[in-house]
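Asker: Pasting in a structure now, in structure tokens, and then I'll have a few things to ask.
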Amino acid sequence: MDYLCFRALCCKGPPPPRPEYDLVCIGLTGSGKTSLLSQLCSETPENIVSTTGFSIKAVPFQNAILNVKELGGADNIRKYWSRYYQGSQGVIFVLDSASSEDDLETARNELHSALQHPQLCTLPFLILANHQDKPAARSVQEIKKYLELEPLARGKRWILKPCSLDDMEAVKDSFSLLINLLEEKDFEPSRM
């Protein structure tokens with residue numbers, strides 16, 4: 001009996017592999033997609049430049065690895081976003097909560113298009129209201145109302161969270177909530 005206990009404590013094999021999920025990350029230029037993902041990957045913030053096409057990052061978490069395909073948010077690139085949606089298991093939408101009314105309206109239209117896209121409409125969404133550290137930042141409640149999420153996203157799995165580079169723990173917590181949605185097999189629609 002003692003031998004079995006010792007063996008169980010000392011002779012364990014490697015830990016089971018963490019599940020991997022393929023995600024797409026979208027948002028307008030300047031919303032902070034690249035900066036957030038780089039920080040999550042523990043990359044140095046110097047030399048960060050806006051993504052002009054797309055980039056892929058493996059973002060490690062304790063209970064999962066997120067393979068994030070980040071798509072550039074410039075006008076001339078957004079029209080091609082849908083070509084990169086296939087195979088995605090979840091969506092990260094980043095918006096600048098301190099942006100102009102015009103940019104916020106464009107972000108709302110892009111989010112609505114994504115929420116209704118045939119390849120994304122059944123997937124969980126993590127919507128990050130970034131740049132909460134800026135004086136002009138709108139509250140999550142203001143953004144939720146402006147984005148018209150309640151009527152549009154009814155019955156869908158989505159999370160709207162505030163974030164900034166100043167509080168990466170909150171960003172990690174938001175991603176943990178998304179991982180929980182990704183892990184759910186039989187899900188109830190949720191709104192957070």
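Chain identifiers are assigned as A, B, and so on, following the order in which chains appear in the structure tokens; residues are numbered from 1 within each chain, and ligands are numbered from 1 in order of appearance.
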Contacts of Val94 in chain A at 7 Å or less, counting only C-alpha atoms, minus same-chain residues fewer than 5 places along, as a list of chain:residue names?

Answerer: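 Once the nearby chain positions are removed, what remains is A:Ile26, A:Gly27, A:Ser31, A:Gly32, A:Lys33, A:Ile127, A:Leu128, A:Ala129, A:Asn130.
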
Asker: I need the residues in range 10-168 of chain A that are strand (DSSP E) according to DSSP; give them as an MDAnalysis selection string.

Answerer: chainID A and resid 20:26 54:60 65:71 90:96 125:130 158:162

Asker: Output N, CA, C and O atoms for every residue in that selection, as a compact mmCIF listing (two decimals), in the first residue's frame.

Answerer:
```
# COMPACT_ATOMS: atom_id res chain seq x y z
N GLU A 20 -6.18 22.96 -26.87
CA GLU A 20 -5.87 24.13 -27.69
C GLU A 20 -7.14 24.57 -28.40
O GLU A 20 -7.93 23.75 -28.85
N TYR A 21 -7.32 25.88 -28.44
CA TYR A 21 -8.48 26.46 -29.11
C TYR A 21 -8.01 27.49 -30.13
O TYR A 21 -7.10 28.27 -29.86
N ASP A 22 -8.64 27.48 -31.30
CA ASP A 22 -8.31 28.43 -32.36
C ASP A 22 -9.30 29.59 -32.31
O ASP A 22 -10.51 29.39 -32.44
N LEU A 23 -8.75 30.79 -32.11
CA LEU A 23 -9.59 31.98 -31.97
C LEU A 23 -9.21 33.00 -33.03
O LEU A 23 -8.08 33.02 -33.52
N VAL A 24 -10.16 33.87 -33.35
CA VAL A 24 -9.87 35.00 -34.22
C VAL A 24 -10.03 36.27 -33.37
O VAL A 24 -10.95 36.36 -32.54
N CYS A 25 -9.11 37.21 -33.54
CA CYS A 25 -9.13 38.46 -32.79
C CYS A 25 -9.29 39.61 -33.79
O CYS A 25 -8.45 39.78 -34.67
N ILE A 26 -10.39 40.36 -33.63
CA ILE A 26 -10.69 41.45 -34.55
C ILE A 26 -10.98 42.73 -33.78
O ILE A 26 -11.28 42.71 -32.58
N PHE A 54 -2.23 39.83 -40.93
CA PHE A 54 -2.64 39.05 -39.78
C PHE A 54 -1.41 38.45 -39.13
O PHE A 54 -0.34 38.35 -39.73
N SER A 55 -1.55 38.09 -37.87
CA SER A 55 -0.48 37.39 -37.15
C SER A 55 -1.12 36.32 -36.29
O SER A 55 -2.31 36.40 -35.96
N ILE A 56 -0.35 35.31 -35.96
CA ILE A 56 -0.84 34.22 -35.12
C ILE A 56 0.05 34.12 -33.90
O ILE A 56 1.28 34.10 -34.02
N LYS A 57 -0.58 34.10 -32.74
CA LYS A 57 0.16 33.94 -31.49
C LYS A 57 -0.43 32.78 -30.71
O LYS A 57 -1.65 32.63 -30.64
N ALA A 58 0.43 31.97 -30.10
CA ALA A 58 -0.01 30.93 -29.17
C ALA A 58 0.05 31.56 -27.78
O ALA A 58 1.13 31.89 -27.29
N VAL A 59 -1.11 31.77 -27.18
CA VAL A 59 -1.19 32.43 -25.88
C VAL A 59 -1.40 31.34 -24.82
O VAL A 59 -2.46 30.72 -24.78
N PRO A 60 -0.38 31.10 -23.98
CA PRO A 60 -0.49 30.01 -23.01
C PRO A 60 -1.23 30.43 -21.74
O PRO A 60 -0.98 31.51 -21.19
N ILE A 65 -4.30 26.41 -24.23
CA ILE A 65 -3.47 27.23 -25.11
C ILE A 65 -4.41 27.82 -26.16
O ILE A 65 -5.18 27.09 -26.80
N LEU A 66 -4.37 29.14 -26.30
CA LEU A 66 -5.21 29.81 -27.27
C LEU A 66 -4.36 30.19 -28.48
O LEU A 66 -3.41 30.95 -28.35
N ASN A 67 -4.68 29.62 -29.62
CA ASN A 67 -4.01 29.98 -30.88
C ASN A 67 -4.83 31.11 -31.49
O ASN A 67 -5.89 30.88 -32.06
N VAL A 68 -4.31 32.33 -31.33
CA VAL A 68 -5.07 33.52 -31.69
C VAL A 68 -4.58 34.07 -33.03
O VAL A 68 -3.42 34.42 -33.17
N LYS A 69 -5.50 34.14 -33.96
CA LYS A 69 -5.24 34.74 -35.27
C LYS A 69 -5.74 36.18 -35.18
O LYS A 69 -6.94 36.44 -35.15
N GLU A 70 -4.78 37.11 -35.10
CA GLU A 70 -5.13 38.52 -35.01
C GLU A 70 -5.17 39.13 -36.40
O GLU A 70 -4.21 39.03 -37.16
N LEU A 71 -6.31 39.76 -36.72
CA LEU A 71 -6.48 40.37 -38.03
C LEU A 71 -6.35 41.88 -37.92
O LEU A 71 -6.91 42.49 -37.02
N GLY A 90 -13.79 30.54 -31.33
CA GLY A 90 -14.21 31.65 -30.49
C GLY A 90 -13.69 32.95 -31.10
O GLY A 90 -12.85 32.94 -32.00
N VAL A 91 -14.23 34.07 -30.60
CA VAL A 91 -13.91 35.38 -31.15
C VAL A 91 -13.53 36.33 -30.02
O VAL A 91 -14.19 36.37 -28.98
N ILE A 92 -12.45 37.08 -30.25
CA ILE A 92 -12.07 38.16 -29.35
C ILE A 92 -12.27 39.45 -30.15
O ILE A 92 -11.70 39.60 -31.23
N PHE A 93 -13.10 40.34 -29.64
CA PHE A 93 -13.33 41.62 -30.31
C PHE A 93 -12.83 42.71 -29.36
O PHE A 93 -13.30 42.83 -28.23
N VAL A 94 -11.85 43.48 -29.83
CA VAL A 94 -11.26 44.54 -29.00
C VAL A 94 -11.70 45.89 -29.55
O VAL A 94 -11.63 46.13 -30.75
N LEU A 95 -12.18 46.75 -28.65
CA LEU A 95 -12.54 48.10 -29.08
C LEU A 95 -11.91 49.11 -28.15
O LEU A 95 -11.63 48.83 -26.98
N ASP A 96 -11.68 50.29 -28.69
CA ASP A 96 -11.11 51.41 -27.93
C ASP A 96 -12.26 52.14 -27.27
O ASP A 96 -13.03 52.83 -27.92
N PHE A 125 -18.05 34.87 -27.75
CA PHE A 125 -17.38 36.15 -28.01
C PHE A 125 -16.86 36.72 -26.71
O PHE A 125 -17.59 36.79 -25.71
N LEU A 126 -15.61 37.16 -26.72
CA LEU A 126 -15.06 37.99 -25.64
C LEU A 126 -14.89 39.37 -26.22
O LEU A 126 -14.12 39.57 -27.17
N ILE A 127 -15.64 40.33 -25.69
CA ILE A 127 -15.58 41.71 -26.17
C ILE A 127 -14.84 42.51 -25.10
O ILE A 127 -15.29 42.60 -23.96
N LEU A 128 -13.68 43.06 -25.48
CA LEU A 128 -12.85 43.80 -24.53
C LEU A 128 -12.96 45.29 -24.80
O LEU A 128 -12.60 45.76 -25.89
N ALA A 129 -13.46 46.03 -23.82
CA ALA A 129 -13.52 47.49 -23.89
C ALA A 129 -12.18 48.01 -23.39
O ALA A 129 -11.99 48.24 -22.19
N ASN A 130 -11.25 48.17 -24.30
CA ASN A 130 -9.87 48.50 -23.96
C ASN A 130 -9.69 50.00 -23.70
O ASN A 130 -10.59 50.79 -23.95
N TRP A 158 -21.60 35.46 -24.86
CA TRP A 158 -20.68 36.59 -24.97
C TRP A 158 -20.36 37.17 -23.60
O TRP A 158 -21.11 37.04 -22.66
N ILE A 159 -19.20 37.78 -23.55
CA ILE A 159 -18.70 38.41 -22.34
C ILE A 159 -18.20 39.79 -22.76
O ILE A 159 -17.45 39.91 -23.73
N LEU A 160 -18.60 40.83 -22.04
CA LEU A 160 -18.09 42.18 -22.26
C LEU A 160 -17.35 42.59 -20.99
O LEU A 160 -17.93 42.60 -19.91
N LYS A 161 -16.06 42.90 -21.13
CA LYS A 161 -15.25 43.25 -19.97
C LYS A 161 -14.40 44.49 -20.25
O LYS A 161 -13.92 44.68 -21.37
N PRO A 162 -14.21 45.32 -19.22
CA PRO A 162 -13.29 46.45 -19.36
C PRO A 162 -11.86 45.95 -19.28
O PRO A 162 -11.59 44.92 -18.66
```

Asker: Just the residues within 9 Å of Arg18 in chain A, please, counting only C-alpha atoms, with nothing from its chain fewer than 3 positions along; format it as a ChimeraX atom specification.

Answerer: /A:15,61-65

Asker: Select from range 56-158 of chain A everything DSSP, run on the backbone, classes as helix (DSSP H, G or I), then give the selection as a PyMOL selection string.

Answerer: chain A and resi 75-78+81-84+101-116+140-147+149-152

Asker: May I have the residues within 6 Å of range 102-117 of chain A as an NGL selection string, using only C-alpha atoms and disregarding those fewer than 3 positions away in the same chain?

Answerer: :A and (120-121 or 147)

Asker: How close does range 78-191 of chain A get to range 34-42 of chain A? List, as a Markdown table, each residue of range 78-191 of chain A within 8 Å, its nearest atom pair and the distance in Å to one decimal, counting only C-alpha atoms.

Answerer:
```
| residue | atom | partner | partner_atom | distance |
| --- | --- | --- | --- | --- |
| A:Leu165 | CA | A:Leu36 | CA | 6.6 |
| A:Met168 | CA | A:Leu40 | CA | 7.7 |
| A:Lys172 | CA | A:Leu40 | CA | 7.6 |
```

Asker: CA of Pro124 in chain A and CA of Asp173 in chain A, how far apart in Å?

Answerer: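 CA of Asp173 in chain A sits 15.6 Å away from CA of Pro124 in chain A.
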
Asker: Take CA of Thr44 in chain A and CA of Gly30 in chain A and report the distance between them in Å, one decimal.

Answerer: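 Taking CA of Thr44 in chain A and CA of Gly30 in chain A, their separation equals 18.0 Å.
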
Asker: Just how far from CA of Arg138 in chain A is CA of Ser97 in chain A, in Å to one decimal?

Answerer: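 CA of Arg138 in chain A lies 5.4 Å from CA of Ser97 in chain A.
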